[in-house]
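Worksheet: one structure, shown below.
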Amino acid sequence: MKVKKSIVLTAALLFLGSVGCGESFREDAESEIRAEDTAQTEHDVPQQDFPERFEETIDGVVFDMEIRISEEADMENLHTMTATLQQPDIEKVKAVFAEGKTIVDEQKETGSGEDGTEFPCYTADYEDDTFLNISTNLTYSHTPVFEKINGAFRLYSHYNAERYAKDAVLEAGDPEMIFERVLKNIRDAGYQLENAAYDYYALDHETMAEEFMMLDKTGEALSKEGISWGMEDDCYFYTAVQLQEGLPIYFGSQDFPEDEESNRPIQALCSANGLERLDISRLYSFSEPGDAVSLLDLDTIVKTVSKKYTDIIGPSFTVKRAELYKMPVKSADSTYDVKIVWLFEVLETGNDSDTGEKYEYTQYMFVDAVDGTEVLL
């Protein structure tokens with residue numbers, strides 16, 4: 001996942017801009033010394049150096065894996081902490097996305113979330129063809145635009161995302177500046193979101209015209225007649241995750257652990273006209289940092305992986321990727337322990353016992369980077 005440094009540094013720059021200019025040189029010097037002392041204390045915890053690749057066979061398990069660590073990870077300044085799930089503030093969300101809009105239909109209900117906690121739900125359709133749904137998650141959508149683009153760009157059924165460029169700049173505007181505005185909308189809606197790492201697809205109208213299809217309820221393709229495409233349709237589709245101490249927050253859950261772009265907690269569609277669609281699912285609020293922690297060396301970590309798969313008779317296992325995340329793991333009530341984990345992408349290959357046909361299956365394993373134990377979902 002690409003990390004945009006300007007977004008990561010936003011909070012720090014705002015803090016620097018708020019410092020007064022009337023302090024004496026002596027106060028500055030003393031402050032600098034205190035900061036150095038603090039930094040030395042934080043850095044007393046030794047950290048490992050990790051390679052970019054790891055290639056070895058251990059007890060029959062093949063490790064042919066890329067090792068991914070965020071460029072922004074503060075590896076010498078990692079801590080224990082806890083987290084809670086954020087829920088959108090209905091009034092703040094309405095102020096951002098529905099100010100001045102005429103309501104066509106509105107529903108107010110109550111839902112039940114984790115641990116039986118009740119929460120208010122709000123759904124509304126507006127005269128300008130926009131839609132707002134607020135519960136534990138948030139969806140804002142400009143329906144006609146989203147439905148048209150959704151017929152041409154697909155991360156889900158009939159996947160075709162590989163047809164679109166990444167890191168390209170379209171006439172719709174500068175992709176980084178546009179995503180900065182998305183983050184501002186999210187924060188104005190009441191979410192705590194300091195830093196984020198994001199990827200995006202540049203959806204050009206030529207490719208969308210080739211890829212567009214609409215299906216009826218039976219799965220049959222509908223006619224494309226009357227649907228035209230032009231430069232005004234160019235847009236960006238973003239997927240993003242939170243960053244904490246420079247590490248991405250793992251976006252899966254105990255019920256849905258797949259490590260896929262379509263599972264990321266922030267997804268946004270933006271055109272030259274602004275935000276066309278926004279989906280927010282699992283964002284967390286974090287406690288103050290606790291104790292500093294150090295990570296185990298990779299040789300120790302991979303032994304946990306090989307031990308799990310080496311005694312399974314039949315299939316072969318090849319580990320293709322290891323990626324470092326912070327993972328909120330449910331502890332008590334609504335609190336999560338934030339573990340630093342390695343996600344291992346494991347390719348299982350073998351022959352089906354019933355049909356004899358070859359198969360491939362990707363699965364994920366998580367290992368605590370601090371104590372080396374498997375993290376079970």
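Ordering of the structure tokens sets the chain letters (A, B, ...); residue numbers start at 1 within each chain; ligands are numbered from 1 in the order shown.
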
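Every protein or nucleic acid residue with an atom no more than 9 Å from A:Glu210, counting only C-alpha atoms and leaving out same-chain residues fewer than 4 positions away, appears here: A:Ala152, A:His205, A:Glu206.
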
Legend entry - Test item, alpha helix (DSSP H) assignment across stretch 144-330 of chain A, answer as JSON, numbers by chain: {"A": [144, 145, 146, 147, 148, 149, 150, 175, 176, 177, 178, 179, 180, 181, 182, 183, 184, 185, 186, 187, 188, 205, 206, 207, 208, 209, 210, 211, 298, 299, 300, 301, 302, 303, 304, 305, 306, 307, 308, 309]}

Since we have the selection now, will you write its residues out, keeping C-alpha atoms, as a PDB file, in the first residue's frame?
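Saved as again.pdb:
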ATOM      1  CA  PRO A 144     -26.604   7.987 -10.747  1.00  0.00           C
ATOM      2  CA  VAL A 145     -22.855   8.616 -10.978  1.00  0.00           C
ATOM      3  CA  PHE A 146     -21.940   5.715  -8.706  1.00  0.00           C
ATOM      4  CA  GLU A 147     -24.188   3.246 -10.524  1.00  0.00           C
ATOM      5  CA  LYS A 148     -22.708   4.222 -13.882  1.00  0.00           C
ATOM      6  CA  ILE A 149     -19.103   3.933 -12.674  1.00  0.00           C
ATOM      7  CA  ASN A 150     -19.920   0.733 -10.772  1.00  0.00           C
ATOM      8  CA  PRO A 175      -5.306  12.789  -6.900  1.00  0.00           C
ATOM      9  CA  GLU A 176      -3.432  13.677  -3.718  1.00  0.00           C
ATOM     10  CA  MET A 177      -5.211  17.008  -3.243  1.00  0.00           C
ATOM     11  CA  ILE A 178      -8.567  15.351  -3.928  1.00  0.00           C
ATOM     12  CA  PHE A 179      -7.915  12.701  -1.276  1.00  0.00           C
ATOM     13  CA  GLU A 180      -6.886  15.407   1.207  1.00  0.00           C
ATOM     14  CA  ARG A 181     -10.419  16.810   0.789  1.00  0.00           C
ATOM     15  CA  VAL A 182     -11.874  13.336   1.375  1.00  0.00           C
ATOM     16  CA  LEU A 183      -9.936  13.113   4.647  1.00  0.00           C
ATOM     17  CA  LYS A 184     -11.233  16.548   5.655  1.00  0.00           C
ATOM     18  CA  ASN A 185     -14.821  15.375   5.027  1.00  0.00           C
ATOM     19  CA  ILE A 186     -14.189  12.305   7.187  1.00  0.00           C
ATOM     20  CA  ARG A 187     -12.740  14.363  10.046  1.00  0.00           C
ATOM     21  CA  ASP A 188     -15.484  17.001   9.810  1.00  0.00           C
ATOM     22  CA  HIS A 205     -13.532   7.213 -19.648  1.00  0.00           C
ATOM     23  CA  GLU A 206     -12.078   5.268 -22.603  1.00  0.00           C
ATOM     24  CA  THR A 207     -11.496   2.141 -20.522  1.00  0.00           C
ATOM     25  CA  MET A 208     -14.801   2.538 -18.707  1.00  0.00           C
ATOM     26  CA  ALA A 209     -16.636   2.685 -22.050  1.00  0.00           C
ATOM     27  CA  GLU A 210     -15.021  -0.653 -22.995  1.00  0.00           C
ATOM     28  CA  GLU A 211     -15.672  -2.291 -19.618  1.00  0.00           C
ATOM     29  CA  LEU A 298      12.358 -12.991  11.428  1.00  0.00           C
ATOM     30  CA  ASP A 299      14.025 -16.395  11.875  1.00  0.00           C
ATOM     31  CA  THR A 300      12.108 -16.871  15.119  1.00  0.00           C
ATOM     32  CA  ILE A 301       8.811 -15.707  13.595  1.00  0.00           C
ATOM     33  CA  VAL A 302       8.931 -18.001  10.548  1.00  0.00           C
ATOM     34  CA  LYS A 303       9.437 -21.053  12.772  1.00  0.00           C
ATOM     35  CA  THR A 304       5.909 -20.452  14.107  1.00  0.00           C
ATOM     36  CA  VAL A 305       4.631 -20.513  10.521  1.00  0.00           C
ATOM     37  CA  SER A 306       6.532 -23.642   9.485  1.00  0.00           C
ATOM     38  CA  LYS A 307       5.453 -25.476  12.641  1.00  0.00           C
ATOM     39  CA  LYS A 308       1.779 -24.933  11.760  1.00  0.00           C
ATOM     40  CA  TYR A 309       2.003 -26.341   8.230  1.00  0.00           C
TER      41      TYR A 309
END

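The spacing separating atom CA of A:Ala172 from atom CA of A:Glu232 amounts to 7.7 Å.
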
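Closest approach to A:Tyr140 among A:Asp297, A:Glu348, A:Glu276, A:Glu171 is made by A:Glu276 (distances from only C-alpha atoms).
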
Inset, instruction - Per DSSP on the backbone, filter stretch 44-260 of chain A down to the residues in strand (DSSP E) and report them as JSON, numbers by chain. - result: {"A": [53, 54, 55, 56, 57, 58, 61, 62, 63, 64, 65, 66, 67, 68, 82, 83, 84, 85, 103, 104, 105, 106, 107, 108, 109, 110, 111, 112, 118, 119, 120, 121, 122, 123, 124, 125, 126, 130, 131, 132, 133, 134, 138, 139, 140, 141, 142, 165, 166, 195, 196, 197, 198, 199, 200, 201, 202, 203, 235, 236, 237, 238, 239, 240, 241, 242, 243, 244, 247, 248]}

Create the file for the chosen residues now, containing C-alpha atoms and written as an mmCIF file, in the first residue's frame.
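Everything below was put into out.cif:
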data_model
loop_
_atom_site.group_PDB
_atom_site.id
_atom_site.type_symbol
_atom_site.label_atom_id
_atom_site.label_comp_id
_atom_site.auth_asym_id
_atom_site.auth_seq_id
_atom_site.Cartn_x
_atom_site.Cartn_y
_atom_site.Cartn_z
ATOM 1 C CA ARG A 53 12.837 -10.842 0.769
ATOM 2 C CA PHE A 54 13.133 -14.132 2.618
ATOM 3 C CA GLU A 55 13.811 -17.339 0.683
ATOM 4 C CA GLU A 56 14.258 -20.623 2.532
ATOM 5 C CA THR A 57 12.622 -24.021 2.980
ATOM 6 C CA ILE A 58 11.947 -24.984 6.601
ATOM 7 C CA VAL A 61 7.363 -25.296 4.041
ATOM 8 C CA VAL A 62 8.675 -23.050 1.261
ATOM 9 C CA PHE A 63 9.266 -19.400 2.106
ATOM 10 C CA ASP A 64 9.538 -17.429 -1.135
ATOM 11 C CA MET A 65 8.180 -14.222 0.229
ATOM 12 C CA GLU A 66 8.298 -10.488 -0.131
ATOM 13 C CA ILE A 67 8.529 -8.623 3.167
ATOM 14 C CA ARG A 68 6.467 -5.447 3.351
ATOM 15 C CA THR A 82 -5.714 -0.409 23.246
ATOM 16 C CA ALA A 83 -8.441 0.767 20.880
ATOM 17 C CA THR A 84 -12.189 1.146 20.501
ATOM 18 C CA LEU A 85 -14.313 1.139 17.359
ATOM 19 C CA ILE A 103 -35.180 15.277 1.865
ATOM 20 C CA VAL A 104 -37.311 12.961 -0.262
ATOM 21 C CA ASP A 105 -37.415 10.060 2.184
ATOM 22 C CA GLU A 106 -36.025 9.689 5.706
ATOM 23 C CA GLN A 107 -35.883 6.840 8.232
ATOM 24 C CA LYS A 108 -34.712 6.842 11.845
ATOM 25 C CA GLU A 109 -34.247 3.520 13.620
ATOM 26 C CA THR A 110 -32.203 1.796 16.332
ATOM 27 C CA GLY A 111 -29.700 -0.977 15.722
ATOM 28 C CA SER A 112 -27.816 -3.389 17.974
ATOM 29 C CA GLU A 118 -27.757 -0.104 20.811
ATOM 30 C CA PHE A 119 -27.020 2.734 18.426
ATOM 31 C CA PRO A 120 -29.124 5.106 16.308
ATOM 32 C CA CYS A 121 -29.471 4.529 12.551
ATOM 33 C CA TYR A 122 -30.340 7.132 9.954
ATOM 34 C CA THR A 123 -31.156 6.730 6.249
ATOM 35 C CA ALA A 124 -32.186 9.448 3.811
ATOM 36 C CA ASP A 125 -32.691 10.012 0.084
ATOM 37 C CA TYR A 126 -32.355 13.561 -1.217
ATOM 38 C CA THR A 130 -27.796 11.516 -3.229
ATOM 39 C CA PHE A 131 -28.195 8.922 -0.503
ATOM 40 C CA LEU A 132 -26.986 8.774 3.108
ATOM 41 C CA ASN A 133 -26.896 5.751 5.410
ATOM 42 C CA ILE A 134 -25.499 6.054 8.953
ATOM 43 C CA LEU A 138 -21.253 5.298 6.892
ATOM 44 C CA THR A 139 -22.256 5.419 3.231
ATOM 45 C CA TYR A 140 -22.746 8.567 1.184
ATOM 46 C CA SER A 141 -23.524 8.165 -2.517
ATOM 47 C CA HIS A 142 -24.443 10.239 -5.548
ATOM 48 C CA ALA A 165 -3.915 2.482 -14.161
ATOM 49 C CA LYS A 166 -2.544 3.289 -10.735
ATOM 50 C CA ASN A 195 -2.946 9.501 9.315
ATOM 51 C CA ALA A 196 -3.932 7.298 6.408
ATOM 52 C CA ALA A 197 -2.229 5.239 3.713
ATOM 53 C CA TYR A 198 -4.043 4.915 0.410
ATOM 54 C CA ASP A 199 -3.999 3.498 -3.101
ATOM 55 C CA TYR A 200 -6.107 4.670 -5.985
ATOM 56 C CA TYR A 201 -7.218 3.676 -9.453
ATOM 57 C CA ALA A 202 -7.418 6.261 -12.231
ATOM 58 C CA LEU A 203 -10.703 5.507 -14.000
ATOM 59 C CA CYS A 235 -12.590 9.904 -11.783
ATOM 60 C CA TYR A 236 -10.491 8.277 -9.056
ATOM 61 C CA PHE A 237 -11.358 5.343 -6.838
ATOM 62 C CA TYR A 238 -9.480 5.293 -3.508
ATOM 63 C CA THR A 239 -9.006 2.588 -0.891
ATOM 64 C CA ALA A 240 -7.367 3.540 2.409
ATOM 65 C CA VAL A 241 -6.427 2.315 5.879
ATOM 66 C CA GLN A 242 -5.516 4.036 9.129
ATOM 67 C CA LEU A 243 -1.876 4.386 10.171
ATOM 68 C CA GLN A 244 -0.762 4.197 13.805
ATOM 69 C CA LEU A 247 2.012 0.976 10.653
ATOM 70 C CA PRO A 248 -1.245 0.247 8.812
#

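When only C-alpha atoms are used to compute distances to A:Ala189, the closest of the residues A:Arg277, A:Val169, A:Glu220, A:Val93 turns out to be A:Val93.
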
Inset, instruction - Would you mind telling me which residue in A:Val367, A:Leu347, A:Ala272, A:Leu295 lies nearest to A:Gly173 when using only C-alpha atoms? - result: A:Ala272

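In this comparison, which uses only C-alpha atoms, the residue of A:Ser70, A:Thr136, A:Asn77, A:Gln48 approaching A:Val293 most closely is A:Asn77.
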
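The closest residue to A:Glu261, picked from A:Gly372, A:Tyr159, A:Asp74, A:Arg321 and counting only C-alpha atoms, is A:Tyr159.
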
Legend entry - Test item: residues at most 10 Å from A:Thr362, only C-alpha atoms, excluding those fewer than 5 positions along its chain, as a PyMOL selection string: chain A and resi 258+317-320+345-349

Suppose we keep N, CA and C atoms; can you now write the selection as a PDB file, in the first residue's frame?
ATOM      1  N   GLU A 258     -10.128 -11.749   4.994  1.00  0.00           N
ATOM      2  CA  GLU A 258      -9.465 -11.679   3.699  1.00  0.00           C
ATOM      3  C   GLU A 258      -8.721 -10.354   3.534  1.00  0.00           C
ATOM      4  N   PHE A 317       2.795 -26.116   0.860  1.00  0.00           N
ATOM      5  CA  PHE A 317       2.558 -24.753   1.324  1.00  0.00           C
ATOM      6  C   PHE A 317       3.747 -23.864   0.951  1.00  0.00           C
ATOM      7  N   THR A 318       3.424 -22.750   0.303  1.00  0.00           N
ATOM      8  CA  THR A 318       4.429 -21.763  -0.077  1.00  0.00           C
ATOM      9  C   THR A 318       4.007 -20.409   0.485  1.00  0.00           C
ATOM     10  N   VAL A 319       4.865 -19.805   1.282  1.00  0.00           N
ATOM     11  CA  VAL A 319       4.563 -18.500   1.875  1.00  0.00           C
ATOM     12  C   VAL A 319       5.041 -17.433   0.908  1.00  0.00           C
ATOM     13  N   LYS A 320       4.098 -16.600   0.425  1.00  0.00           N
ATOM     14  CA  LYS A 320       4.401 -15.639  -0.636  1.00  0.00           C
ATOM     15  C   LYS A 320       4.666 -14.222  -0.127  1.00  0.00           C
ATOM     16  N   GLU A 345       0.861 -14.540   3.860  1.00  0.00           N
ATOM     17  CA  GLU A 345       0.008 -15.029   2.779  1.00  0.00           C
ATOM     18  C   GLU A 345       0.549 -16.375   2.339  1.00  0.00           C
ATOM     19  N   VAL A 346      -0.260 -17.417   2.516  1.00  0.00           N
ATOM     20  CA  VAL A 346       0.197 -18.789   2.300  1.00  0.00           C
ATOM     21  C   VAL A 346      -0.595 -19.415   1.152  1.00  0.00           C
ATOM     22  N   LEU A 347       0.128 -19.888   0.145  1.00  0.00           N
ATOM     23  CA  LEU A 347      -0.505 -20.561  -0.990  1.00  0.00           C
ATOM     24  C   LEU A 347      -0.475 -22.070  -0.744  1.00  0.00           C
ATOM     25  N   GLU A 348      -1.663 -22.657  -0.657  1.00  0.00           N
ATOM     26  CA  GLU A 348      -1.792 -24.109  -0.503  1.00  0.00           C
ATOM     27  C   GLU A 348      -2.097 -24.721  -1.864  1.00  0.00           C
ATOM     28  N   THR A 349      -1.329 -25.732  -2.251  1.00  0.00           N
ATOM     29  CA  THR A 349      -1.583 -26.440  -3.501  1.00  0.00           C
ATOM     30  C   THR A 349      -1.661 -27.931  -3.221  1.00  0.00           C
TER      31      THR A 349
END
